[in-house]
Each structure stands twice: as C-alpha cells, then as structure tokens.
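Asks: The structure is given below, and queries will be raised subsequently.
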Number of protein chains: 4
Amino acid sequence: MYKIKLHLRYADTDQMGVIYHPNYLTFYELGRTGLLNEVGYDYLEFEKQGTIFPVREVSSTYLKSIRLGETCYVYTKLLKVSRVKLTFYHEVRNEEGDLKSTGQTSIVSVNAKTFLPMRMPEEMTVEFEKYKDGV
Amino acid sequence: MYKIKLHLRYADTDQMGVIYHPNYLTFYELGRTGLLNEVGYDYLEFEKQGTIFPVREVSSTYLKSIRLGETCYVYTKLLKVSRVKLTFYHEVRNEEGDLKSTGQTSIVSVNAKTFLPMRMPEEMTVEFEKYKDGV
Amino acid sequence: MYKIKLHLRYADTDQMGVIYHPNYLTFYELGRTGLLNEVGYDYLEFEKQGTIFPVREVSSTYLKSIRLGETCYVYTKLLKVSRVKLTFYHEVRNEEGDLKSTGQTSIVSVNAKTFLPMRMPEEMTVEFEKYKDGV
Amino acid sequence: MYKIKLHLRYADTDQMGVIYHPNYLTFYELGRTGLLNEVGYDYLEFEKQGTIFPVREVSSTYLKSIRLGETCYVYTKLLKVSRVKLTFYHEVRNEEGDLKSTGQTSIVSVNAKTFLPMRMPEEMTVEFEKYKDGV
C-alpha cells in the first residue's frame with residue numbers, strides 16, 4: 001500500500017489527551033492525494049482546471065488512540081475505480097506496526113462551479129485500475 | 001429527533017468554497033453531546049469523574065455541500081444502547097429541510113487514564129433506552 | 001461593544017484540557033464579521049462580488065484559559081478605519097465578566113483574484129466611522 | 001534560525017483559497033517545539049511531569065498568502081529568556097525565500113493542574129541563553 005508519514009501537530013489533540021477523531025479523515029485525505037500524485041495525477045492541478053473531488057462517503061473505525069509524539073503512517077490503496085467515483089481503503093499504523101484505525105473514502109469527480117458530476121477521462125481510470133490493490 | 005442549530009465559522013470552510021468534510025464529524029458530536037445533556041447526562045461531568053467516551057466507529061454520507069451563510073441543523077437520535085456502547089444516527093439539514101448529510105457514530109465508555117472499557121451504570125442505559133428513536 | 005456568544009466545541013480543546021490558543025483568532029473573526037453585519041455589510045456578499053478581507057495583522061494576549069463548558073462572549077469594536085484597512089479590538093469574557101483574552105486584528109480590502117489592495121467605497125468607510133468605539 | 005519544513009494539509013485552507021490565518025500560529029508552534037527539542041528539551045516530556053507552557057502573547061503579520069502546494073518553512077529563534085517566560089521570533093518563507101509572515105510568541109511555564117506560574121530550572125534557562133539569536 002502507498003505509505004506516508006504523518007506530521008502530527010499539537011492542534012490535532014483534544015482534551016482526552018489524544019488525537020481528535022475527525023482529524024483521521026484529514027490523514028486519510030493526505031494518503032489519497034499522495035497516492036494520486038504517485039500515479040501522476042495532481043489533485044491541485046485538477047482544481048485549477050475546474051474539476052474537484054469532494055468526498056461522498058467516509059467511514060472510520062478507531063482501534064487504538066494516538067498520542068502526540070508517536071510516529072504514525074497512513075497506508076492507502078485504491079479499492080474501486082469508476083468514471084465518476086474512486087474508493088480508497090486506509091490504515092493508520094505506528095512505527096511498531098500497531099493498527100490504530102482503518103477507514104474507507106469515496107470521492108466523486110464534479111465540476112468545481114456547479115458541483116455536478118463529471119466523468120473522468122478514460123485514460124485516467126485505466127491508469128488507476130493498474131494501481132488497484134497495491135501501489 | 002433531537003435538533004441543534006449549527007454555528008458555522010469561516011474556519012469550517014476549505015478551498016472548494018464549502019464546509020470541509022471532516023467538520024461534519026464535529027457537528028455530529030455537537031448533536032450527540034446535546035442529546036446526552038437533554039437526557040440528563042453531562043459529558044464533561046463524566047470526564048471529570050474519569051470516564052470518557054471516545055468514538056469507536058463513524059460513517060458519513062455527503063449528499064449536498066454546505067456553504068457558509070446557510071442555516072443548518074443537526075438532528076440526532078439514539079439507535080442502539082448497550083452497557084459499553086451507544087450508537088447514534090445523525091442528519092444535517094438546512095432551513096428548507098434539504099438533506100445535506102447522514103451519519104452514524106458509536107461511542108464507547110472507557111476509563112480516562114487506561115482507555116480500557118468501563119460498563120455504564122445500569123440506570124443510565126435504562127434511561128437511554130427510553131430515548132431511542134425519538135427525544 | 002458588539003457582543004456575540006461563543007459556541008465552543010470539543011474540537012476547540014487541546015491536550016492541556018483548555019481551548020487551543022489559535023482558535024481565539026477564529027473567535028475574534030466571528031466577532032468582527034458579526035459587527036460588520038450589524039453595520040449592514042455582509043462579508044460573504046462582498047466575497048461573491050470579488051472583494052475579500054484577509055487579515056494583515058493580529059495579536060492576542062491570553063489572560064486566563066477557557067474550559068469547555070464555560071459560557072463565553074466575544075466583544076468587538078472598530079478602532080481605526082481607512083479606505084483599505086479596518087482595525088478591530090476584541091475581548092473574550094465569560095458569564096461572570098472575567099477577562100480571558102484581549103486581541104487586535106487588522107483586515108485589508110483586496111481583490112479576490114489578484115489579492116491586490118482595493119479601496120473600499122467611501123460611503124462604507126463613512127458608515128464605519130459612526131460605529132467606532134461602540135456599536 | 002532553526003528551520004522546519006511545513007507539511008500543509010487541505011484542512012489548512014479556507015474559502016479564500018489560501019491557508020487560513022489562525023493556522024500560522026500552529027506553524028509557529030511547530031517551529032518553537034522543534035527548537036526546544038533541538039536544545040534538548042522535550043515539550044511532551046515536561047507535560048508528563050506536570051509543567052505546561054501555554055501561550056501568553058502572540059502576534060502575526062501576514063505579508064503574502066500561502067497556497068496549498070507551495071513548499072514553506074518556519075524559521076524560529078529565541079528572543080528573550082527568563083525563569084518563567086520564553087519569547088520566540090518566527091518567519092514563514094517559501095522555497096524561493098519569499099517572506100510570507102513574521103510572528104512573535106511568548107510562552108509561560110505553569111503547573112499543569114493549577115495553571116499557576118512555575119519557575120523553570122536555572123540550568124535550563126542558562127542553556128536557552130546560548131541559543132538566543134541563532135541555533
């Protein structure tokens with residue numbers, strides 16, 4: 001799976017003394033934009049050209065809390081590819097490999113002004129298919 | 001369902017020009033802590049006494065984006081009650097009733113220091129049962 | 001001074017168990033956009049028409065920490081008005097009147113696309129002058 | 001000055017299309033905790049032992065907006081050292097050296113439970129003195 005290191009911030013903590021749960025969605029996002037870049041698709045370049053990829057569905061299971069100071073990684077792979085939707089699977093693990101959370105995100109391709117669905121170019125989804133289940 | 005008004009902030013937006021998707025989890029949290037208060041259980045009081053309720057599972061489906069300036073509400077109800085876990089269902093709707101998102105969250109009762117599971121008092125779960133599917 | 005109630009969130013806390021300090025800038029922003037609305041100028045309407053008001057300078061002095069569950073208010077007044085810059089003074093206080101923080105923010109009027117300075121209409125600044133040192 | 005690379009997130013942006021201004025305070029914090037670590041003082045270790053360092057004063061001047069995708073750095077140095085307060089100066093610059101913002105932060109040494117001032121050990125402030133105006 002595609003792996004990135006997390007750069008945790010004091011801002012990510014809450015008064016339970018651990019990383020605040022909605023921030024994991026931000027971590028998953030870092031994983032999937034990183035993976036898209038790896039495949040050759042720059043998310044920000046798409047935005048400039050009028051296509052954005054809002055999240056349609058997200059789920060997350062929290063197994064162990066993360067404390068500031070722990071070194072953690074997000075692992076991401078592509079699960080499903082269609083002309084309008086990409087589905088990713090994510091794991092957060094620390095240096096020792098302990099599983100902190102698992103998650104799944106679907107993003108859809110829409111027009112930046114109208115937010116109406118826009119099909120992705122076929123060569124793009126063909127490219128993504130190659131990266132399914134392992135980058 | 002238990003209803004609260006959202007007080008959106010500029011900070012909640014992202015460069016797509018809409019409310020950033022992980023913030024919906026914060027909105028769901030406002031809904032469920034509000035509901036717990038309504039039933040007579042003050043989340044913060046529990047924390048002081050050493051019991052916290054971290055999120056175990058969360059899911060969210062985003063149907064329509066929210067723009068700053070829109071008046072929105074979170075509707076929450078209790079779906080499932082056990083001695084260690086509470087499951088909530090949430091909806092975000094605007095003034096006109098348009099459904100913006102649906103979500104589900106499970107929180108578990110744990111010891112604030114050890115993060116080990118702690119059963120909730122029976123009278124508490126009995127109380128919660130009454131509030132299932134409608135407050 | 002123009003007063004708004006703060007709607008604190010669990011997300012606003014950090015692992016010190018208090019409201020995380022950069023969030024006060026978000027609170028000051030709620031104060032000044034509220035005050036502008038009161039005077040009759042809708043910040044979001046300006047954005048749609050191509051004028052934005054990024055922050056040029058900000059300062060904050062933290063006197064007492066804020067705990068989740070406290071009822072707090074932001075008080076804001078206009079300190080200085082020019083054709084390109086507005087300067088605000090802020091205070092955060094709780095229900096008992098305890099001063100939590102003081103702050104000052106300057107925002108400048110710029111073109112949303114180029115980020116180059118844009119003079120505000122004269123009638124607007126004349127209007128603001130009336131609201132200086134007390135709304 | 002002590003230099004760290006920023007790892008910007010989509011979450012850091014706002015609907016102006018740039019990095020949201022309160023987040024710079026989070027960046028300054030990354031700079032100063034990094035510098036303290038460099039000197040040999042682990043912020044998180046202090047917290048565990050009951051001493052925390054809340055921010056007392058902060059100021060920031062925003063010169064140029066930051067867009068997601070830009071590579072930016074925080075530069076930090078110690079300006080003033082006393083037994084209860086440390087004052088830092090910060091700059092954010094991009095790869096080309098363009099100055100994005102300047103800032104100053106004072107943190108105070110307090111007891112984690114009471115939030116009352118606690119003098120830092122003398123050997124610690126002596127150590128800090130060496131790092132003033134350049135690490």
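Each chain in the structure tokens gets a letter, A, B and so on, in the order shown; residues start at 1 in every chain, and ligands are counted from 1 in the order they appear.
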Counting only C-alpha atoms, give me one row per residue of chain C with an atom at most 10 Å from an atom of chain B, showing the shortest contact pair and its distance in Å to one decimal, sorted by chain then residue number, as a tab-separated table.

Replies:
```
residue	atom	partner	partner_atom	distance
C:Leu6	CA	B:His7	CA	9.0
C:His7	CA	B:His7	CA	6.9
C:Leu8	CA	B:His7	CA	9.5
C:Arg9	CA	B:Leu30	CA	7.1
C:Tyr10	CA	B:Thr26	CA	7.7
C:Ala11	CA	B:Thr26	CA	6.7
C:Asp12	CA	B:Thr26	CA	9.9
C:Asn23	CA	B:Ala11	CA	9.1
C:Leu25	CA	B:Ala11	CA	9.8
C:Thr26	CA	B:Ala11	CA	6.7
C:Phe27	CA	B:Arg9	CA	8.8
C:Glu29	CA	B:Tyr10	CA	8.0
C:Leu30	CA	B:Arg9	CA	7.1
C:Thr33	CA	B:Tyr10	CA	9.6
C:Asp42	CA	B:Gly69	CA	9.8
C:Tyr43	CA	B:Gly69	CA	9.8
C:Leu44	CA	B:Gly69	CA	7.4
C:Glu45	CA	B:Gly69	CA	9.7
C:Leu68	CA	B:Leu44	CA	7.9
C:Gly69	CA	B:Leu44	CA	7.4
```

Asks: Using every C-alpha atom paired in order, could you least-squares fit chain C onto chain A and give me the moved chain as a PDB file with C-alpha atoms, in the first residue's frame?

Replies:
```pdb
ATOM      1  CA  MET C   1       0.005  -0.010   0.004  1.00  0.00           C
ATOM      2  CA  TYR C   2       1.025   3.595  -0.540  1.00  0.00           C
ATOM      3  CA  LYS C   3       2.610   4.882   2.661  1.00  0.00           C
ATOM      4  CA  ILE C   4       3.070   8.396   4.009  1.00  0.00           C
ATOM      5  CA  LYS C   5       4.380   9.576   7.348  1.00  0.00           C
ATOM      6  CA  LEU C   6       2.062  11.714   9.459  1.00  0.00           C
ATOM      7  CA  HIS C   7       3.299  15.044  10.806  1.00  0.00           C
ATOM      8  CA  LEU C   8       1.159  15.400  13.900  1.00  0.00           C
ATOM      9  CA  ARG C   9       0.554  18.791  15.483  1.00  0.00           C
ATOM     10  CA  TYR C  10      -0.426  19.960  18.946  1.00  0.00           C
ATOM     11  CA  ALA C  11      -3.528  21.305  17.186  1.00  0.00           C
ATOM     12  CA  ASP C  12      -4.535  17.703  16.389  1.00  0.00           C
ATOM     13  CA  THR C  13      -5.051  16.804  20.045  1.00  0.00           C
ATOM     14  CA  ASP C  14      -8.166  17.211  22.167  1.00  0.00           C
ATOM     15  CA  GLN C  15      -8.805  17.293  25.907  1.00  0.00           C
ATOM     16  CA  MET C  16      -8.891  13.480  26.107  1.00  0.00           C
ATOM     17  CA  GLY C  17      -5.145  13.801  25.546  1.00  0.00           C
ATOM     18  CA  VAL C  18      -5.226  12.008  22.191  1.00  0.00           C
ATOM     19  CA  ILE C  19      -5.582  12.853  18.503  1.00  0.00           C
ATOM     20  CA  TYR C  20      -9.116  14.190  17.898  1.00  0.00           C
ATOM     21  CA  HIS C  21     -11.125  11.674  15.856  1.00  0.00           C
ATOM     22  CA  PRO C  22     -12.252  13.833  12.870  1.00  0.00           C
ATOM     23  CA  ASN C  23      -8.583  14.537  12.124  1.00  0.00           C
ATOM     24  CA  TYR C  24      -8.156  10.956  10.926  1.00  0.00           C
ATOM     25  CA  LEU C  25     -10.239  11.941   7.891  1.00  0.00           C
ATOM     26  CA  THR C  26      -7.643  14.614   7.184  1.00  0.00           C
ATOM     27  CA  PHE C  27      -4.951  11.938   7.470  1.00  0.00           C
ATOM     28  CA  TYR C  28      -6.808   9.647   5.031  1.00  0.00           C
ATOM     29  CA  GLU C  29      -7.009  12.614   2.661  1.00  0.00           C
ATOM     30  CA  LEU C  30      -3.232  13.084   2.858  1.00  0.00           C
ATOM     31  CA  GLY C  31      -2.902   9.406   1.967  1.00  0.00           C
ATOM     32  CA  ARG C  32      -5.162   9.493  -1.054  1.00  0.00           C
ATOM     33  CA  THR C  33      -3.869  12.782  -2.506  1.00  0.00           C
ATOM     34  CA  GLY C  34      -0.355  11.372  -2.059  1.00  0.00           C
ATOM     35  CA  LEU C  35      -1.344   8.177  -3.880  1.00  0.00           C
ATOM     36  CA  LEU C  36      -2.971  10.149  -6.712  1.00  0.00           C
ATOM     37  CA  ASN C  37       0.215  12.175  -7.093  1.00  0.00           C
ATOM     38  CA  GLU C  38       2.221   8.958  -7.191  1.00  0.00           C
ATOM     39  CA  VAL C  39       0.050   7.717 -10.082  1.00  0.00           C
ATOM     40  CA  GLY C  40       0.696  11.024 -11.831  1.00  0.00           C
ATOM     41  CA  TYR C  41      -2.463  12.995 -11.071  1.00  0.00           C
ATOM     42  CA  ASP C  42      -2.030  16.239  -9.195  1.00  0.00           C
ATOM     43  CA  TYR C  43      -5.197  17.004  -7.287  1.00  0.00           C
ATOM     44  CA  LEU C  44      -4.436  20.724  -7.162  1.00  0.00           C
ATOM     45  CA  GLU C  45      -3.849  20.846 -10.924  1.00  0.00           C
ATOM     46  CA  PHE C  46      -7.327  19.380 -11.445  1.00  0.00           C
ATOM     47  CA  GLU C  47      -8.852  22.022  -9.194  1.00  0.00           C
ATOM     48  CA  LYS C  48      -7.226  24.780 -11.244  1.00  0.00           C
ATOM     49  CA  GLN C  49      -8.766  23.246 -14.359  1.00  0.00           C
ATOM     50  CA  GLY C  50     -12.230  23.149 -12.831  1.00  0.00           C
ATOM     51  CA  THR C  51     -12.630  19.587 -11.570  1.00  0.00           C
ATOM     52  CA  ILE C  52     -12.850  18.907  -7.856  1.00  0.00           C
ATOM     53  CA  PHE C  53     -13.204  15.656  -5.942  1.00  0.00           C
ATOM     54  CA  PRO C  54     -15.444  16.103  -2.908  1.00  0.00           C
ATOM     55  CA  VAL C  55     -15.883  13.203  -0.517  1.00  0.00           C
ATOM     56  CA  ARG C  56     -19.133  11.308  -1.004  1.00  0.00           C
ATOM     57  CA  GLU C  57     -18.776   8.665   1.708  1.00  0.00           C
ATOM     58  CA  VAL C  58     -16.364   8.086   4.520  1.00  0.00           C
ATOM     59  CA  SER C  59     -16.118   5.602   7.357  1.00  0.00           C
ATOM     60  CA  SER C  60     -13.545   5.090  10.061  1.00  0.00           C
ATOM     61  CA  THR C  61     -13.018   2.529  12.797  1.00  0.00           C
ATOM     62  CA  TYR C  62     -10.849   3.660  15.708  1.00  0.00           C
ATOM     63  CA  LEU C  63      -8.928   0.796  17.293  1.00  0.00           C
ATOM     64  CA  LYS C  64      -6.279   2.471  19.422  1.00  0.00           C
ATOM     65  CA  SER C  65      -5.863   6.122  20.280  1.00  0.00           C
ATOM     66  CA  ILE C  66      -2.844   8.053  19.013  1.00  0.00           C
ATOM     67  CA  ARG C  67      -0.778  10.235  21.327  1.00  0.00           C
ATOM     68  CA  LEU C  68       1.229  13.219  20.178  1.00  0.00           C
ATOM     69  CA  GLY C  69       4.846  12.134  19.887  1.00  0.00           C
ATOM     70  CA  GLU C  70       4.031   8.762  18.329  1.00  0.00           C
ATOM     71  CA  THR C  71       5.345   8.212  14.807  1.00  0.00           C
ATOM     72  CA  CYS C  72       2.443   7.143  12.625  1.00  0.00           C
ATOM     73  CA  TYR C  73       1.860   6.326   8.972  1.00  0.00           C
ATOM     74  CA  VAL C  74      -1.155   6.250   6.683  1.00  0.00           C
ATOM     75  CA  TYR C  75      -1.333   3.332   4.245  1.00  0.00           C
ATOM     76  CA  THR C  76      -3.715   3.759   1.318  1.00  0.00           C
ATOM     77  CA  LYS C  77      -4.843   1.678  -1.626  1.00  0.00           C
ATOM     78  CA  LEU C  78      -7.448   2.044  -4.365  1.00  0.00           C
ATOM     79  CA  LEU C  79     -10.369  -0.336  -3.852  1.00  0.00           C
ATOM     80  CA  LYS C  80     -12.756   0.581  -6.678  1.00  0.00           C
ATOM     81  CA  VAL C  81     -12.490   2.693  -9.813  1.00  0.00           C
ATOM     82  CA  SER C  82     -15.325   4.048 -11.972  1.00  0.00           C
ATOM     83  CA  ARG C  83     -15.619   7.010 -14.343  1.00  0.00           C
ATOM     84  CA  VAL C  84     -17.157   9.186 -11.588  1.00  0.00           C
ATOM     85  CA  LYS C  85     -16.017   7.654  -8.313  1.00  0.00           C
ATOM     86  CA  LEU C  86     -12.829   6.401  -6.672  1.00  0.00           C
ATOM     87  CA  THR C  87     -12.910   4.362  -3.475  1.00  0.00           C
ATOM     88  CA  PHE C  88      -9.894   4.101  -1.180  1.00  0.00           C
ATOM     89  CA  TYR C  89      -9.020   1.927   1.783  1.00  0.00           C
ATOM     90  CA  HIS C  90      -6.802   3.357   4.560  1.00  0.00           C
ATOM     91  CA  GLU C  91      -4.940   2.158   7.601  1.00  0.00           C
ATOM     92  CA  VAL C  92      -3.108   4.195  10.230  1.00  0.00           C
ATOM     93  CA  ARG C  93      -0.291   2.356  11.976  1.00  0.00           C
ATOM     94  CA  ASN C  94       2.520   3.416  14.279  1.00  0.00           C
ATOM     95  CA  GLU C  95       6.238   2.592  13.930  1.00  0.00           C
ATOM     96  CA  GLU C  96       5.738  -0.806  15.623  1.00  0.00           C
ATOM     97  CA  GLY C  97       2.997  -1.682  13.160  1.00  0.00           C
ATOM     98  CA  ASP C  98       0.133  -1.384  15.692  1.00  0.00           C
ATOM     99  CA  LEU C  99      -3.100  -0.771  13.833  1.00  0.00           C
ATOM    100  CA  LYS C 100      -4.644   2.509  15.030  1.00  0.00           C
ATOM    101  CA  SER C 101      -7.564   2.786  12.628  1.00  0.00           C
ATOM    102  CA  THR C 102      -9.001   1.573   9.342  1.00  0.00           C
ATOM    103  CA  GLY C 103     -11.057   3.689   6.996  1.00  0.00           C
ATOM    104  CA  GLN C 104     -12.665   3.928   3.617  1.00  0.00           C
ATOM    105  CA  THR C 105     -13.330   7.016   1.486  1.00  0.00           C
ATOM    106  CA  SER C 106     -15.174   7.545  -1.791  1.00  0.00           C
ATOM    107  CA  ILE C 107     -14.544  10.692  -3.770  1.00  0.00           C
ATOM    108  CA  VAL C 108     -16.537  11.787  -6.791  1.00  0.00           C
ATOM    109  CA  SER C 109     -15.494  13.851  -9.775  1.00  0.00           C
ATOM    110  CA  VAL C 110     -17.555  17.061 -10.062  1.00  0.00           C
ATOM    111  CA  ASN C 111     -17.475  20.419 -11.815  1.00  0.00           C
ATOM    112  CA  ALA C 112     -15.903  22.994  -9.440  1.00  0.00           C
ATOM    113  CA  LYS C 113     -18.577  25.610 -10.163  1.00  0.00           C
ATOM    114  CA  THR C 114     -21.779  23.590 -10.422  1.00  0.00           C
ATOM    115  CA  PHE C 115     -20.824  20.619  -8.215  1.00  0.00           C
ATOM    116  CA  LEU C 116     -22.481  18.416 -10.902  1.00  0.00           C
ATOM    117  CA  PRO C 117     -20.867  15.023 -11.672  1.00  0.00           C
ATOM    118  CA  MET C 118     -18.184  14.975 -14.391  1.00  0.00           C
ATOM    119  CA  ARG C 119     -16.822  11.754 -15.884  1.00  0.00           C
ATOM    120  CA  MET C 120     -13.067  11.363 -15.517  1.00  0.00           C
ATOM    121  CA  PRO C 121     -11.077  10.849 -18.756  1.00  0.00           C
ATOM    122  CA  GLU C 122     -10.960   7.139 -19.664  1.00  0.00           C
ATOM    123  CA  GLU C 123      -7.135   7.005 -19.798  1.00  0.00           C
ATOM    124  CA  MET C 124      -7.130   8.234 -16.219  1.00  0.00           C
ATOM    125  CA  THR C 125      -9.358   5.462 -14.893  1.00  0.00           C
ATOM    126  CA  VAL C 126      -7.408   2.887 -16.953  1.00  0.00           C
ATOM    127  CA  GLU C 127      -4.280   4.165 -15.246  1.00  0.00           C
ATOM    128  CA  PHE C 128      -5.923   3.930 -11.818  1.00  0.00           C
ATOM    129  CA  GLU C 129      -7.007   0.316 -12.458  1.00  0.00           C
ATOM    130  CA  LYS C 130      -3.327  -0.660 -12.551  1.00  0.00           C
ATOM    131  CA  TYR C 131      -2.820   0.719  -9.090  1.00  0.00           C
ATOM    132  CA  LYS C 132      -5.717  -1.104  -7.499  1.00  0.00           C
ATOM    133  CA  ASP C 133      -4.800  -3.220  -4.506  1.00  0.00           C
ATOM    134  CA  GLY C 134      -1.201  -2.112  -4.362  1.00  0.00           C
ATOM    135  CA  VAL C 135       1.017   0.738  -5.487  1.00  0.00           C
TER     136      VAL C 135
END
```

Asks: Taking the DSSP assignment computed from this structure's backbone, write out as a PyMOL selection string all residues of chain B that belong to helix (DSSP H, G or I).

Replies: chain B and resi 10-12+23-39+43-48+122-130

Asks: How about saving the chosen residues, N, CA and C atoms kept, as a tab-separated table (two decimals), in the first residue's frame?

Replies:
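Result file follows (selection_33.tsv):
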```tsv
chain	number	residue	atom	x	y	z
B	10	TYR	N	-15.99	30.67	9.57
B	10	TYR	CA	-15.13	30.77	8.39
B	10	TYR	C	-14.10	29.64	8.41
B	11	ALA	N	-13.63	29.33	9.61
B	11	ALA	CA	-12.65	28.25	9.81
B	11	ALA	C	-13.15	26.90	9.30
B	12	ASP	N	-14.44	26.74	9.18
B	12	ASP	CA	-15.01	25.45	8.75
B	12	ASP	C	-14.93	25.23	7.24
B	23	ASN	N	-15.32	18.21	9.24
B	23	ASN	CA	-16.03	19.02	10.24
B	23	ASN	C	-17.43	18.50	10.54
B	24	TYR	N	-18.01	17.73	9.61
B	24	TYR	CA	-19.33	17.15	9.87
B	24	TYR	C	-19.28	16.23	11.10
B	25	LEU	N	-18.13	15.59	11.32
B	25	LEU	CA	-17.99	14.70	12.49
B	25	LEU	C	-18.05	15.53	13.78
B	26	THR	N	-17.53	16.75	13.71
B	26	THR	CA	-17.63	17.68	14.82
B	26	THR	C	-19.08	18.10	15.03
B	27	PHE	N	-19.81	18.26	13.93
B	27	PHE	CA	-21.23	18.63	14.04
B	27	PHE	C	-22.04	17.48	14.66
B	28	TYR	N	-21.75	16.26	14.22
B	28	TYR	CA	-22.45	15.09	14.79
B	28	TYR	C	-22.18	15.03	16.30
B	29	GLU	N	-20.94	15.34	16.67
B	29	GLU	CA	-20.55	15.32	18.08
B	29	GLU	C	-21.36	16.36	18.88
B	30	LEU	N	-21.56	17.52	18.29
B	30	LEU	CA	-22.38	18.54	18.96
B	30	LEU	C	-23.80	18.03	19.15
B	31	GLY	N	-24.29	17.30	18.15
B	31	GLY	CA	-25.63	16.72	18.25
B	31	GLY	C	-25.72	15.70	19.38
B	32	ARG	N	-24.76	14.79	19.43
B	32	ARG	CA	-24.89	13.71	20.43
B	32	ARG	C	-24.58	14.18	21.85
B	33	THR	N	-23.66	15.14	22.02
B	33	THR	CA	-23.44	15.63	23.39
B	33	THR	C	-24.65	16.46	23.83
B	34	GLY	N	-25.27	17.15	22.88
B	34	GLY	CA	-26.51	17.89	23.20
B	34	GLY	C	-27.60	16.94	23.63
B	35	LEU	N	-27.78	15.84	22.89
B	35	LEU	CA	-28.80	14.85	23.22
B	35	LEU	C	-28.54	14.24	24.60
B	36	LEU	N	-27.27	13.89	24.87
B	36	LEU	CA	-26.94	13.30	26.18
B	36	LEU	C	-27.29	14.27	27.31
B	37	ASN	N	-26.99	15.54	27.10
B	37	ASN	CA	-27.34	16.56	28.09
B	37	ASN	C	-28.84	16.62	28.31
B	38	GLU	N	-29.57	16.54	27.21
B	38	GLU	CA	-31.04	16.58	27.26
B	38	GLU	C	-31.58	15.43	28.13
B	39	VAL	N	-30.95	14.27	27.99
B	39	VAL	CA	-31.37	13.09	28.77
B	39	VAL	C	-30.93	13.24	30.24
B	43	TYR	N	-21.67	15.15	29.59
B	43	TYR	CA	-20.44	14.56	29.07
B	43	TYR	C	-19.21	15.05	29.83
B	44	LEU	N	-19.15	16.36	30.07
B	44	LEU	CA	-17.97	16.94	30.72
B	44	LEU	C	-17.87	16.51	32.19
B	45	GLU	N	-19.03	16.31	32.83
B	45	GLU	CA	-19.06	15.85	34.22
B	45	GLU	C	-18.48	14.44	34.30
B	46	PHE	N	-18.83	13.61	33.34
B	46	PHE	CA	-18.27	12.24	33.28
B	46	PHE	C	-16.75	12.29	33.15
B	47	GLU	N	-16.28	13.15	32.27
B	47	GLU	CA	-14.82	13.27	32.07
B	47	GLU	C	-14.12	13.60	33.38
B	48	LYS	N	-14.69	14.55	34.13
B	48	LYS	CA	-14.10	14.95	35.40
B	48	LYS	C	-14.03	13.77	36.36
B	122	GLU	N	-26.25	0.75	35.15
B	122	GLU	CA	-27.46	0.22	34.51
B	122	GLU	C	-28.59	1.25	34.41
B	123	GLU	N	-28.74	2.07	35.46
B	123	GLU	CA	-29.84	3.04	35.41
B	123	GLU	C	-29.66	4.03	34.26
B	124	MET	N	-28.42	4.21	33.88
B	124	MET	CA	-28.12	5.13	32.79
B	124	MET	C	-28.59	4.55	31.46
B	125	THR	N	-28.26	3.29	31.23
B	125	THR	CA	-28.65	2.68	29.96
B	125	THR	C	-30.17	2.48	29.90
B	126	VAL	N	-30.77	2.22	31.05
B	126	VAL	CA	-32.24	2.12	31.10
B	126	VAL	C	-32.85	3.46	30.68
B	127	GLU	N	-32.27	4.51	31.19
B	127	GLU	CA	-32.73	5.87	30.84
B	127	GLU	C	-32.59	6.12	29.34
B	128	PHE	N	-31.43	5.73	28.80
B	128	PHE	CA	-31.18	5.93	27.37
B	128	PHE	C	-32.20	5.19	26.51
B	129	GLU	N	-32.53	3.95	26.93
B	129	GLU	CA	-33.47	3.13	26.16
B	129	GLU	C	-34.75	3.91	25.84
B	130	LYS	N	-35.19	4.68	26.84
B	130	LYS	CA	-36.44	5.46	26.66
B	130	LYS	C	-36.33	6.48	25.53
```

Asks: Mind checking DSSP for chain A and telling me the strand (DSSP E or B) residues as a VMD selection string?

Replies: chain A and resid 2 to 5 13 19 51 to 52 55 to 62 72 to 81 85 to 94 99 to 108 110 to 111 117 132
